[in-house]
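S.K.: The file below is entry03.tsv, TSV, N, CA and C atoms:
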```tsv
chain	number	residue	atom	x	y	z
A	15	MET	N	-5.82	7.28	13.23
A	15	MET	CA	-5.47	7.83	11.94
A	15	MET	C	-5.87	6.82	10.86
A	16	LYS	N	-6.46	7.30	9.82
A	16	LYS	CA	-6.86	6.46	8.70
A	16	LYS	C	-5.93	6.73	7.52
A	17	ALA	N	-5.77	5.72	6.68
A	17	ALA	CA	-4.95	5.88	5.48
A	17	ALA	C	-5.79	5.50	4.26
A	18	TYR	N	-5.62	6.24	3.20
A	18	TYR	CA	-6.31	5.97	1.94
A	18	TYR	C	-5.26	5.90	0.85
A	19	GLU	N	-5.42	4.95	-0.03
A	19	GLU	CA	-4.49	4.82	-1.15
A	19	GLU	C	-5.29	4.87	-2.44
A	20	PHE	N	-4.82	5.68	-3.37
A	20	PHE	CA	-5.50	5.81	-4.65
A	20	PHE	C	-4.52	6.38	-5.66
A	21	PRO	N	-4.68	6.01	-6.93
A	21	PRO	CA	-3.83	6.60	-7.96
A	21	PRO	C	-4.35	7.99	-8.32
A	22	VAL	N	-3.45	8.88	-8.62
A	22	VAL	CA	-3.83	10.23	-9.00
A	22	VAL	C	-2.78	10.79	-9.95
A	23	LYS	N	-3.20	11.65	-10.83
A	23	LYS	CA	-2.27	12.28	-11.77
A	23	LYS	C	-1.92	13.67	-11.27
A	24	VAL	N	-0.63	13.99	-11.30
A	24	VAL	CA	-0.21	15.34	-10.95
A	24	VAL	C	-0.49	16.23	-12.15
A	25	MET	N	-1.24	17.28	-11.92
A	25	MET	CA	-1.64	18.19	-12.99
A	25	MET	C	-0.47	19.10	-13.37
A	26	PRO	N	-0.53	19.72	-14.55
A	26	PRO	CA	0.58	20.58	-14.99
A	26	PRO	C	0.96	21.67	-13.98
A	27	GLY	N	0.00	22.16	-13.23
A	27	GLY	CA	0.28	23.18	-12.23
A	27	GLY	C	0.86	22.63	-10.94
A	28	GLY	N	1.05	21.31	-10.87
A	28	GLY	CA	1.60	20.69	-9.68
A	28	GLY	C	0.57	20.31	-8.64
A	29	THR	N	-0.70	20.38	-8.99
A	29	THR	CA	-1.75	20.05	-8.04
A	29	THR	C	-2.24	18.62	-8.27
A	30	ILE	N	-2.88	18.08	-7.25
A	30	ILE	CA	-3.54	16.78	-7.36
A	30	ILE	C	-4.98	16.96	-6.92
A	31	GLN	N	-5.85	16.08	-7.38
A	31	GLN	CA	-7.26	16.17	-7.00
A	31	GLN	C	-7.66	14.86	-6.36
A	32	LEU	N	-8.30	14.96	-5.20
A	32	LEU	CA	-8.78	13.76	-4.52
A	32	LEU	C	-9.96	13.18	-5.29
A	33	PRO	N	-10.07	11.86	-5.31
A	33	PRO	CA	-11.26	11.26	-5.92
A	33	PRO	C	-12.51	11.74	-5.17
A	34	ALA	N	-13.59	11.95	-5.88
A	34	ALA	CA	-14.81	12.50	-5.29
A	34	ALA	C	-15.29	11.72	-4.07
A	35	PRO	N	-15.37	10.37	-4.12
A	35	PRO	CA	-15.86	9.66	-2.93
A	35	PRO	C	-15.00	9.91	-1.69
A	36	LEU	N	-13.69	10.02	-1.89
A	36	LEU	CA	-12.81	10.28	-0.75
A	36	LEU	C	-12.96	11.72	-0.27
A	37	SER	N	-13.05	12.64	-1.19
A	37	SER	CA	-13.21	14.05	-0.85
A	37	SER	C	-14.45	14.27	0.01
A	38	GLU	N	-15.49	13.51	-0.25
A	38	GLU	CA	-16.73	13.64	0.52
A	38	GLU	C	-16.57	13.12	1.94
A	39	GLN	N	-15.65	12.18	2.16
A	39	GLN	CA	-15.48	11.56	3.48
A	39	GLN	C	-14.58	12.37	4.41
A	40	ILE	N	-13.70	13.19	3.85
A	40	ILE	CA	-12.74	13.93	4.66
A	40	ILE	C	-13.36	15.24	5.13
A	41	PRO	N	-13.36	15.46	6.46
A	41	PRO	CA	-13.91	16.72	6.98
A	41	PRO	C	-13.15	17.92	6.40
A	42	LYS	N	-13.87	18.97	6.12
A	42	LYS	CA	-13.28	20.18	5.54
A	42	LYS	C	-12.52	20.98	6.61
A	43	ASN	N	-11.64	21.86	6.17
A	43	ASN	CA	-10.84	22.72	7.05
A	43	ASN	C	-10.06	21.91	8.08
A	44	GLN	N	-9.46	20.84	7.64
A	44	GLN	CA	-8.70	19.96	8.53
A	44	GLN	C	-7.33	19.73	7.90
A	45	HIS	N	-6.29	19.73	8.73
A	45	HIS	CA	-4.96	19.41	8.23
A	45	HIS	C	-4.86	17.89	8.06
A	46	VAL	N	-4.21	17.47	6.99
A	46	VAL	CA	-3.99	16.05	6.73
A	46	VAL	C	-2.51	15.84	6.40
A	47	ARG	N	-2.04	14.63	6.59
A	47	ARG	CA	-0.69	14.27	6.18
A	47	ARG	C	-0.78	13.65	4.80
A	48	VAL	N	0.14	14.01	3.95
A	48	VAL	CA	0.15	13.49	2.58
A	48	VAL	C	1.50	12.83	2.33
A	49	ILE	N	1.47	11.62	1.83
A	49	ILE	CA	2.68	10.91	1.42
A	49	ILE	C	2.53	10.63	-0.06
A	50	ILE	N	3.50	11.05	-0.83
A	50	ILE	CA	3.44	10.85	-2.28
A	50	ILE	C	4.52	9.85	-2.67
A	51	LEU	N	4.11	8.76	-3.29
A	51	LEU	CA	5.03	7.73	-3.76
A	51	LEU	C	5.09	7.82	-5.27
A	52	VAL	N	6.28	7.96	-5.81
A	52	VAL	CA	6.47	8.12	-7.24
A	52	VAL	C	7.32	6.97	-7.75
A	53	ASN	N	6.91	6.35	-8.85
A	53	ASN	CA	7.73	5.31	-9.45
A	53	ASN	C	9.04	5.92	-9.91
A	54	ASP	N	10.12	5.24	-9.63
A	54	ASP	CA	11.43	5.69	-10.06
A	54	ASP	C	11.89	4.76	-11.17
A	55	PRO	N	11.66	5.13	-12.42
A	55	PRO	CA	11.96	4.21	-13.53
A	55	PRO	C	13.41	3.77	-13.58
A	56	GLU	N	14.34	4.64	-13.19
A	56	GLU	CA	15.74	4.25	-13.22
A	56	GLU	C	15.99	3.13	-12.22
A	57	ASN	N	15.47	3.28	-11.00
A	57	ASN	CA	15.68	2.24	-10.00
A	57	ASN	C	14.95	0.96	-10.38
A	58	ALA	N	13.76	1.07	-10.93
A	58	ALA	CA	13.01	-0.12	-11.33
A	58	ALA	C	13.78	-0.88	-12.41
A	59	GLU	N	14.33	-0.15	-13.36
A	59	GLU	CA	15.09	-0.79	-14.43
A	59	GLU	C	16.37	-1.41	-13.87
A	60	GLU	N	17.02	-0.70	-12.97
A	60	GLU	CA	18.25	-1.22	-12.36
A	60	GLU	C	17.96	-2.48	-11.55
A	61	ARG	N	16.86	-2.47	-10.79
A	61	ARG	CA	16.50	-3.66	-10.01
A	61	ARG	C	16.22	-4.84	-10.92
A	62	ALA	N	15.52	-4.59	-12.03
A	62	ALA	CA	15.23	-5.67	-12.98
A	62	ALA	C	16.52	-6.24	-13.54
A	63	ASP	N	17.48	-5.36	-13.85
A	63	ASP	CA	18.78	-5.83	-14.36
A	63	ASP	C	19.49	-6.69	-13.32
A	64	TRP	N	19.50	-6.24	-12.06
A	64	TRP	CA	20.15	-7.02	-11.01
A	64	TRP	C	19.45	-8.37	-10.80
A	65	ASN	N	18.13	-8.37	-10.83
A	65	ASN	CA	17.39	-9.63	-10.68
A	65	ASN	C	17.72	-10.60	-11.80
A	66	ARG	N	17.80	-10.09	-13.02
A	66	ARG	CA	18.13	-10.93	-14.16
A	66	ARG	C	19.56	-11.48	-14.03
A	67	LEU	N	20.51	-10.62	-13.65
A	67	LEU	CA	21.89	-11.03	-13.49
A	67	LEU	C	22.02	-12.08	-12.38
A	68	THR	N	21.33	-11.86	-11.28
A	68	THR	CA	21.37	-12.81	-10.17
A	68	THR	C	20.86	-14.18	-10.62
A	69	SER	N	19.75	-14.20	-11.33
A	69	SER	CA	19.20	-15.47	-11.83
A	69	SER	C	20.16	-16.15	-12.77
A	70	GLU	N	20.73	-15.38	-13.69
A	70	GLU	CA	21.67	-15.96	-14.66
A	70	GLU	C	22.89	-16.54	-13.96
A	71	GLN	N	23.43	-15.81	-12.99
A	71	GLN	CA	24.63	-16.28	-12.29
A	71	GLN	C	24.31	-17.49	-11.43
A	72	PHE	N	23.15	-17.50	-10.81
A	72	PHE	CA	22.76	-18.65	-10.00
A	72	PHE	C	22.67	-19.90	-10.86
A	73	LEU	N	21.99	-19.78	-11.99
A	73	LEU	CA	21.82	-20.94	-12.87
A	73	LEU	C	23.13	-21.34	-13.53
A	74	ALA	N	24.02	-20.39	-13.77
A	74	ALA	CA	25.32	-20.71	-14.37
A	74	ALA	C	26.16	-21.55	-13.41
A	75	GLY	N	25.95	-21.38	-12.12
A	75	GLY	CA	26.72	-22.13	-11.13
A	75	GLY	C	26.13	-23.50	-10.84
A	76	TYR	N	25.00	-23.83	-11.42
A	76	TYR	CA	24.34	-25.12	-11.20
A	76	TYR	C	24.99	-26.18	-12.08
A	77	SER	N	25.27	-27.31	-11.49
A	77	SER	CA	25.81	-28.42	-12.29
A	77	SER	C	24.97	-29.67	-12.06
A	78	ASN	N	25.17	-30.67	-12.91
A	78	ASN	CA	24.42	-31.92	-12.77
A	78	ASN	C	24.72	-32.60	-11.44
A	79	ALA	N	25.88	-32.36	-10.87
A	79	ALA	CA	26.23	-32.95	-9.57
A	79	ALA	C	25.31	-32.42	-8.47
A	80	ASP	N	24.71	-31.27	-8.70
A	80	ASP	CA	23.80	-30.68	-7.71
A	80	ASP	C	22.43	-31.35	-7.70
A	81	GLU	N	22.18	-32.24	-8.66
A	81	GLU	CA	20.88	-32.92	-8.72
A	81	GLU	C	20.55	-33.66	-7.45
A	82	ALA	N	21.55	-34.15	-6.76
A	82	ALA	CA	21.32	-34.90	-5.53
A	82	ALA	C	20.56	-34.05	-4.52
A	83	TYR	N	20.82	-32.76	-4.50
A	83	TYR	CA	20.16	-31.88	-3.55
A	83	TYR	C	18.71	-31.58	-3.94
A	84	ASP	N	18.38	-31.76	-5.21
A	84	ASP	CA	17.01	-31.52	-5.66
A	84	ASP	C	16.05	-32.56	-5.10
A	85	ARG	N	16.56	-33.71	-4.74
A	85	ARG	CA	15.70	-34.81	-4.27
A	85	ARG	C	15.55	-34.82	-2.76
A	86	ILE	N	16.16	-33.90	-2.06
A	86	ILE	CA	16.09	-33.89	-0.59
A	86	ILE	C	14.83	-33.19	-0.15
```
As structure tokens, how would this structure be written, given the file I've shared?

M.R.:
Amino acid sequence: MKAYEFPVKVMPGGTIQLPAPLSEQIPKNQHVRVIILVNDPENAEERADWNRLTSEQFLAGYSNADEAYDRI
């Protein structure tokens, strides 16, 4: 089984179009498996918030006494 990855825009009618070079490589009248990955802006924003909070909390817990560990 081969996998191809490419960006594509979903058209207003809900259809997608394969890029021409890929369309030429795929045999006609053949069933294929399709996996559609969609960016989830809410989750991406939430993850960014958690990453920022984690960094802030980690650095807030750092003290000058921890410098000894930086030299190890």

S.K.: What does the distance between atom CA of Leu51 of chain A and atom CA of Pro21 of chain A come to in Å, to one decimal place?

M.R.: 9.9 Å

S.K.: If I take atom CA of Pro33 of chain A and atom N of Phe20 of chain A, how far is one from the other in Å, to one decimal?

M.R.: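 The value is 8.9 Å.
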
S.K.: Where in segment 20-65 of chain A does DSSP assign alpha helix (DSSP H), given as a list in words?

M.R.: Ala34, Pro35, Leu36, Ser37, Glu38, Gln39, Pro55, Glu56, Asn57, Ala58, Glu59, Glu60, Arg61, Ala62, Asp63, Trp64 and Asn65 of chain A

S.K.: Could you tell me how far atom CA of Lys16 of chain A lies from atom CA of Ile40 of chain A, in Å and to one decimal?

M.R.: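 Atom CA of Ile40 of chain A lies at a distance of 10.3 Å from atom CA of Lys16 of chain A.
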
S.K.: Within 8 Å of Val22 of chain A, counting all atoms listed in the file, which residues show up once you throw out same-chain ones fewer than 5 positions away? Write them as a list in words, please.

M.R.: Ile30, Gln31, Leu32 and Pro33 of chain A

S.K.: Which residue, A:Tyr76, A:Glu81, A:Val52, A:Tyr18, has the smallest gap to Pro35 of chain A when you use only C-alpha atoms?

M.R.: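 Closest to Pro35 of chain A of all the choices is A:Tyr18.
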